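K.L.:
Below is one structure. I have some questions about it.
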Amino acid sequence: MVPPFQKPDEPAHFYRAMTLVNSQFVCSVSPTYRYFFLSQSVYDFPTQMQTNNIVMRPDVKFPIGLVKHTYPFRSDKSVTDAYRYCQLSFVSYIPFAISAFLSYPFDNLLITFFAMRASAAMLLICFAYIGFYFIPKRYKLLFLFFIANPMLIHQATAVSYDAIINSLILLVIPLWLRCMDDKKIQWKTVVLLFLSLGLMCIAKPGYYFLVGISLPVLTRIPIKKYSIPFVLCFLFCLTVGILYSSSIISIFSDFFSVSKAPQIYIVLHDPWYFFGVIGRTIIESHERLIEGMIGLFGWLDYRLPLYGMLVYTFVGGMIAYDYIRTQTKALRGWVILLLGILCLSTVLLIFYNFYRAATPAAYRVVESIQGRYFLPLLPFLTIMVLESVVWLKHRRRIVLLVVSCGVIAVGSISYSIFSRYYDFSKNFSNPDMLVKEVAEKRIDISSLTSIELNSHMSYQYNVLSPGYKIGGVQMIAENEIETDIPYRIFLKDATCTNILYQGYMNELRDVHIAHLKGDNDIVITQHLPIIPLAESSICLELEPVATYPHPVYLRLLGEHNKPVVRFLYIAK
């Protein structure tokens, strides 16, 4: 039902599948860039489907008349911008390429596109059927519940590697549970599990750690008896690792190379700040992330109705309760712990990838993260939680779990009450102070000079003291949008020795003033924790924390070689 290219990134994945049809397994390389050859008719097809006119605009509907036209394939070649496509493994697009090849006699790109979607749906149905055959009886309801996830159903017909990875999960989970449940493990099941895990890692980056579920399986394999299939599996995985080592190595090389991005410098030199960023992202966006794992569809512009999510969650609760009540055995404790570690590691890796690739340097949360990225983790997390409860039940420790849930619930409600009535950290007595001074012409922008922050700089300012607390700092930036250097900010006492606060300049710089002397002139608002002041002046220090080839430093507007700064004060 979803019109063409109204699922995230479908144009990119459609292009990649069509290049595979032309036997382009990897990008071509020129002295300046990498690229794919792609027919102009294929390249223009998303535009013909009005993609950019509909995306993220619920008021605009799909012109139904477009499906009545024929979109012939022309074999002329054009060069695509391949910065997004060269990293995509061709293995993920084999089903799409096969369906596209079979649809060529129709000479209609619309039929080709929907043939790709049909192949993704058939793959999921096939793997779900095989998985239902392998999965132990006590997990069958849980397995069906996961297949019934609305987001999984929605993604099942996406021209994307998301459809492939979700289908593979429906094969990996049953095979792994069968290996853990059988008294005598069968080598055919193990081989099929290893093959599925290898394909899963190739299909989409970010899920490499889940291969660790093979560790408890290996402990149950009688090596001497099954040495031949085990060696064959090992050779296969080694071959796959060599063939695709470039994508895996690139992730780790990016992590250890500080020249790739300022974000990596922060992760390496200030890991606790990075963990804090992940924590803030989860706290502030957990509702949207959970909703994205159930029913936040399209380009995040429509969703499953609330009652639909409630019904799905209620059914899931019934199944979970029935499982906990009836089960008499659980996975071993170290296996449950391993599942938790693997899930946590995968979550951290996903957050790191988006922090590196889609988040401004030193920003306070991870940008562009969506709940659907964690959908493949959902069955692992579900099994881990339920098996943990069953494990505690057998040891008569279920009361501890109930009490812990109660403490979390009371704490959550209490925090919400505190945030609503007693948190003054963002309530200022002088909000938008600098913006108003510029707008009311109390600050003459034309007389200000540009100050480039290319080294550690320190400035002193008067503050309202005593009795006031600083909750933020405002400055006028000249070129903040182009800046690629993260900055440390320090607030010190009047002697510039005792640190009152230190952190990163990481708030959104989105307060634009139209009549400033340049289009990029904006007022920076940097929020801070509540800071008590004991003196009438304070020392503000700014320091670039990383340097790169051809850096673009932050430039502030000021007078007398001193940036114009206003402090925001917590309302009394």
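Scheme for the structure tokens: letters A, B, ... for chains in order shown; per-chain residue numbers from 1; ligand numbers from 1 in order shown.
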I need the residues in region 185-221 of chain A that are helix (DSSP H, G or I) according to DSSP; give them as a list in words.

P.N.:
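The residues of region 185-221 of chain A classed as helix (DSSP H, G or I) are Trp187, Lys188, Thr189, Val190, Val191, Leu192, Leu193, Phe194, Leu195, Ser196, Leu197, Gly198, Leu199, Met200, Cys201, Ile202, Ala203, Tyr208, Phe209, Leu210, Val211, Gly212, Ile213, Ser214, Leu215, Pro216, Val217 and Leu218 of chain A.
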
K.L.:
Skip Ile319 (chain A) itself and residues of its chain fewer than 6 positions away, then list as a ChimeraX atom specification all residues within 10 Å of it, counting only C-alpha atoms.

P.N.:
/A:141-142,145,313,325

K.L.:
Go ahead and write the selection's residues with N, CA and C atoms as a PDB file, in the first residue's frame.

P.N.:
```pdb
ATOM      1  N   LEU A 141       4.796 -19.139  20.681  1.00  0.00           N
ATOM      2  CA  LEU A 141       3.929 -17.960  20.822  1.00  0.00           C
ATOM      3  C   LEU A 141       4.743 -16.672  20.780  1.00  0.00           C
ATOM      4  N   LEU A 142       5.894 -16.673  21.458  1.00  0.00           N
ATOM      5  CA  LEU A 142       6.759 -15.497  21.433  1.00  0.00           C
ATOM      6  C   LEU A 142       7.218 -15.201  20.008  1.00  0.00           C
ATOM      7  N   PHE A 145       4.426 -13.689  18.094  1.00  0.00           N
ATOM      8  CA  PHE A 145       4.206 -12.320  18.565  1.00  0.00           C
ATOM      9  C   PHE A 145       5.208 -11.366  17.923  1.00  0.00           C
ATOM     10  N   THR A 313       0.671  -4.385  22.862  1.00  0.00           N
ATOM     11  CA  THR A 313       1.403  -4.499  24.128  1.00  0.00           C
ATOM     12  C   THR A 313       0.661  -5.392  25.114  1.00  0.00           C
ATOM     13  N   ARG A 325       4.743 -18.122  33.865  1.00  0.00           N
ATOM     14  CA  ARG A 325       3.951 -18.968  34.772  1.00  0.00           C
ATOM     15  C   ARG A 325       4.153 -20.450  34.497  1.00  0.00           C
TER      16      ARG A 325
END
```

K.L.:
When you count only C-alpha atoms, which of these residues is closest to Leu66 (chain A): A:Pro3, A:Phe354, A:Val172, A:Phe106?

P.N.:
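Ranking A:Pro3, A:Phe354, A:Val172, A:Phe106 by distance to Leu66 (chain A), first place goes to A:Pro3.
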
K.L.:
Residues of region 343-531 of chain A classed as strand (DSSP E or B) by DSSP on the backbone are to be reported as a PyMOL selection string.

P.N.:
chain A and resi 428+449-452+457-462+469-477+487-492+499-504+511-512+522-531

K.L.:
For the residues in that selection, give me N, CA and C atoms as a short mmCIF file (atom, residue, chain, number, x, y, z; two decimals), in the first residue's frame.

P.N.:
```cif
data_model
loop_
_atom_site.label_atom_id
_atom_site.label_comp_id
_atom_site.auth_asym_id
_atom_site.auth_seq_id
_atom_site.Cartn_x
_atom_site.Cartn_y
_atom_site.Cartn_z
N PHE A 428 14.48 31.18 33.30
CA PHE A 428 15.39 32.31 33.43
C PHE A 428 14.62 33.61 33.67
N THR A 449 33.51 43.33 15.91
CA THR A 449 34.57 42.70 15.13
C THR A 449 34.51 41.18 15.28
N SER A 450 35.13 40.49 14.34
CA SER A 450 35.14 39.03 14.36
C SER A 450 36.35 38.53 15.16
N ILE A 451 36.11 37.58 16.05
CA ILE A 451 37.17 37.00 16.88
C ILE A 451 37.21 35.50 16.60
N GLU A 452 38.33 35.02 16.04
CA GLU A 452 38.47 33.60 15.73
C GLU A 452 39.03 32.86 16.94
N MET A 457 41.40 30.62 24.92
CA MET A 457 41.17 32.05 25.19
C MET A 457 40.39 32.22 26.48
N SER A 458 40.69 33.29 27.20
CA SER A 458 40.08 33.54 28.51
C SER A 458 39.60 34.98 28.58
N TYR A 459 38.39 35.17 29.13
CA TYR A 459 37.80 36.50 29.23
C TYR A 459 37.09 36.63 30.59
N GLN A 460 37.09 37.86 31.11
CA GLN A 460 36.40 38.12 32.38
C GLN A 460 35.17 38.97 32.14
N TYR A 461 34.09 38.63 32.89
CA TYR A 461 32.83 39.35 32.76
C TYR A 461 32.24 39.58 34.14
N ASN A 462 31.50 40.68 34.27
CA ASN A 462 30.78 40.96 35.51
C ASN A 462 29.46 40.19 35.51
N LYS A 469 22.20 32.74 40.20
CA LYS A 469 22.81 31.52 39.72
C LYS A 469 22.76 31.50 38.19
N ILE A 470 23.87 31.15 37.60
CA ILE A 470 23.96 31.12 36.14
C ILE A 470 23.35 29.83 35.61
N GLY A 471 22.49 29.96 34.61
CA GLY A 471 21.90 28.79 33.97
C GLY A 471 22.21 28.70 32.49
N GLY A 472 22.93 29.70 31.97
CA GLY A 472 23.24 29.66 30.55
C GLY A 472 24.12 30.81 30.14
N VAL A 473 24.69 30.69 28.93
CA VAL A 473 25.56 31.71 28.36
C VAL A 473 25.09 31.98 26.94
N GLN A 474 25.03 33.27 26.56
CA GLN A 474 24.66 33.65 25.21
C GLN A 474 25.79 34.42 24.55
N MET A 475 26.08 34.05 23.28
CA MET A 475 27.11 34.72 22.49
C MET A 475 26.61 34.87 21.06
N ILE A 476 27.23 35.76 20.31
CA ILE A 476 26.87 35.94 18.90
C ILE A 476 27.94 35.27 18.05
N ALA A 477 27.53 34.26 17.27
CA ALA A 477 28.46 33.54 16.40
C ALA A 477 28.35 34.05 14.98
N TYR A 487 34.46 22.51 21.08
CA TYR A 487 35.06 23.44 22.04
C TYR A 487 34.71 23.04 23.46
N ARG A 488 35.70 23.15 24.34
CA ARG A 488 35.47 23.02 25.77
C ARG A 488 35.17 24.41 26.31
N ILE A 489 34.21 24.47 27.23
CA ILE A 489 33.86 25.73 27.87
C ILE A 489 34.09 25.59 29.37
N PHE A 490 34.75 26.59 29.95
CA PHE A 490 35.04 26.60 31.38
C PHE A 490 34.47 27.87 31.98
N LEU A 491 33.85 27.75 33.14
CA LEU A 491 33.49 28.90 33.96
C LEU A 491 34.32 28.81 35.24
N LYS A 492 35.12 29.86 35.48
CA LYS A 492 35.99 29.88 36.65
C LYS A 492 35.71 31.12 37.49
N ILE A 499 37.73 26.08 38.97
CA ILE A 499 36.72 25.74 37.96
C ILE A 499 35.36 25.58 38.63
N LEU A 500 34.38 26.36 38.16
CA LEU A 500 33.01 26.20 38.62
C LEU A 500 32.23 25.23 37.74
N TYR A 501 32.54 25.21 36.44
CA TYR A 501 31.86 24.33 35.49
C TYR A 501 32.77 24.09 34.31
N GLN A 502 32.73 22.89 33.77
CA GLN A 502 33.41 22.59 32.52
C GLN A 502 32.57 21.62 31.71
N GLY A 503 32.56 21.81 30.43
CA GLY A 503 31.78 20.95 29.54
C GLY A 503 32.07 21.32 28.10
N TYR A 504 31.17 20.92 27.22
CA TYR A 504 31.32 21.22 25.80
C TYR A 504 30.24 22.20 25.37
N VAL A 511 18.99 30.30 17.01
CA VAL A 511 18.29 31.57 17.20
C VAL A 511 18.80 32.55 16.15
N HIS A 512 18.09 32.70 15.05
CA HIS A 512 18.53 33.55 13.95
C HIS A 512 17.96 34.96 14.11
N ILE A 522 24.23 34.18 14.20
CA ILE A 522 23.20 33.67 15.08
C ILE A 522 23.65 33.81 16.51
N VAL A 523 22.68 33.79 17.39
CA VAL A 523 22.95 33.87 18.83
C VAL A 523 23.04 32.45 19.38
N ILE A 524 24.16 32.13 20.01
CA ILE A 524 24.37 30.83 20.63
C ILE A 524 23.82 30.89 22.05
N THR A 525 23.01 29.92 22.40
CA THR A 525 22.55 29.77 23.78
C THR A 525 23.08 28.44 24.31
N GLN A 526 24.00 28.52 25.24
CA GLN A 526 24.60 27.34 25.85
C GLN A 526 24.05 27.18 27.26
N HIS A 527 23.19 26.16 27.46
CA HIS A 527 22.63 25.93 28.78
C HIS A 527 23.63 25.22 29.68
N LEU A 528 23.58 25.53 30.97
CA LEU A 528 24.51 24.99 31.96
C LEU A 528 23.74 24.45 33.14
N PRO A 529 24.38 23.60 33.94
CA PRO A 529 23.77 23.27 35.24
C PRO A 529 23.73 24.51 36.13
N ILE A 530 22.91 24.48 37.15
CA ILE A 530 22.83 25.62 38.07
C ILE A 530 24.17 25.81 38.78
N ILE A 531 24.72 27.03 38.70
CA ILE A 531 26.03 27.30 39.28
C ILE A 531 25.91 28.44 40.29
#
```

K.L.:
Excluding Gly131 (chain A) and residues on its chain fewer than 6 positions from it, collect all residues at most 6 Å away from it, counting only C-alpha atoms, and give them as a list of chain:residue names.

P.N.:
A:Leu170, A:Leu171, A:Pro174

K.L.:
Quick one: write out the picked residues with C-alpha atoms as a PDB file, in the first residue's frame?

P.N.:
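In the end it all went to part.pdb:
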```pdb
ATOM      1  CA  LEU A 170      13.501 -14.846  11.997  1.00  0.00           C
ATOM      2  CA  LEU A 171      15.906 -17.617  11.044  1.00  0.00           C
ATOM      3  CA  PRO A 174      14.812 -20.216  16.130  1.00  0.00           C
TER       4      PRO A 174
END
```

K.L.:
Return as a Markdown table the residues of region 286-397 of chain A lying at most 8 Å from region 210-214 of chain A, together with the closest atom-to-atom pair for each and the distance in Å to one decimal, counting only C-alpha atoms, with rows in chain order and ascending residue number.

P.N.:
```
| residue | atom | partner | partner_atom | distance |
| --- | --- | --- | --- | --- |
| A:Leu338 | CA | A:Ile213 | CA | 7.7 |
| A:Leu339 | CA | A:Ile213 | CA | 7.1 |
| A:Leu342 | CA | A:Leu210 | CA | 5.9 |
| A:Cys343 | CA | A:Leu210 | CA | 7.3 |
| A:Thr346 | CA | A:Leu210 | CA | 7.3 |
```

K.L.:
Restricting the calculation to only C-alpha atoms: of A:Glu440, A:Glu10, A:Asp182, A:Asp59, which residue gets closest to Phe45 (chain A)?

P.N.:
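Result for the nearest residue to Phe45 (chain A): A:Glu10.
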
K.L.:
Using only C-alpha atoms, pick whichever of A:Leu448, A:Val402, A:Ile173, A:Leu296 has the shortest atom-to-atom distance to His560 (chain A).

P.N.:
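Nearest to His560 (chain A): A:Leu448.
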
K.L.:
I need the residue nearest Leu124 (chain A) from this list: A:Ser160, A:Ser167, A:Asn149, A:Ser414. Use only C-alpha atoms for the distance.

P.N.:
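Under the stated criterion, the closest residue is A:Ser167.
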
K.L.:
Using only C-alpha atoms, which residue out of A:Gln263, A:Gln48, A:Ser285, A:Ser78 lies closest to Tyr355 (chain A)?

P.N.:
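The answer is A:Gln263, which sits nearest to Tyr355 (chain A).
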
K.L.:
Which neighbours of region 53-55 of chain A fall inside 8 Å, counting only C-alpha atoms, when residues of the same chain fewer than 6 positions from it are skipped, and could you give them as a tab-separated table (two decimals) with all heavy atoms, in the first residue's frame?

P.N.:
```tsv
chain	number	residue	atom	x	y	z
A	6	GLN	N	8.40	5.94	-0.24
A	6	GLN	CA	7.89	6.60	0.96
A	6	GLN	C	8.29	5.84	2.22
A	6	GLN	O	7.68	6.02	3.28
A	6	GLN	CB	6.37	6.74	0.87
A	6	GLN	CG	5.92	7.72	-0.19
A	6	GLN	CD	6.53	9.10	-0.02
A	6	GLN	OE1	6.46	9.69	1.05
A	6	GLN	NE2	7.15	9.61	-1.06
A	61	LYS	N	-0.62	14.32	-0.70
A	61	LYS	CA	-0.98	12.92	-0.93
A	61	LYS	C	-0.35	12.41	-2.23
A	61	LYS	O	0.09	13.19	-3.07
A	61	LYS	CB	-2.51	12.75	-0.98
A	61	LYS	CG	-3.23	13.38	0.22
A	61	LYS	CD	-2.72	12.84	1.55
A	61	LYS	CE	-3.38	13.54	2.72
A	61	LYS	NZ	-2.85	13.09	4.02
A	62	PHE	N	-0.35	11.10	-2.38
A	62	PHE	CA	0.26	10.48	-3.56
A	62	PHE	C	-0.67	10.60	-4.76
A	62	PHE	O	-1.84	10.21	-4.68
A	62	PHE	CB	0.56	9.01	-3.27
A	62	PHE	CG	1.15	8.28	-4.44
A	62	PHE	CD1	2.45	8.53	-4.85
A	62	PHE	CD2	0.41	7.33	-5.12
A	62	PHE	CE1	3.00	7.86	-5.92
A	62	PHE	CE2	0.95	6.64	-6.20
A	62	PHE	CZ	2.24	6.91	-6.60
A	299	TRP	N	8.56	8.07	6.88
A	299	TRP	CA	9.63	9.00	7.26
A	299	TRP	C	9.27	9.66	8.60
A	299	TRP	O	9.35	10.88	8.76
A	299	TRP	CB	9.82	10.05	6.17
A	299	TRP	CG	10.32	9.47	4.89
A	299	TRP	CD1	9.57	8.92	3.89
A	299	TRP	CD2	11.68	9.38	4.47
A	299	TRP	NE1	10.38	8.48	2.87
A	299	TRP	CE2	11.68	8.76	3.19
A	299	TRP	CE3	12.90	9.77	5.03
A	299	TRP	CZ2	12.85	8.51	2.47
A	299	TRP	CZ3	14.06	9.53	4.31
A	299	TRP	CH2	14.02	8.91	3.06
```
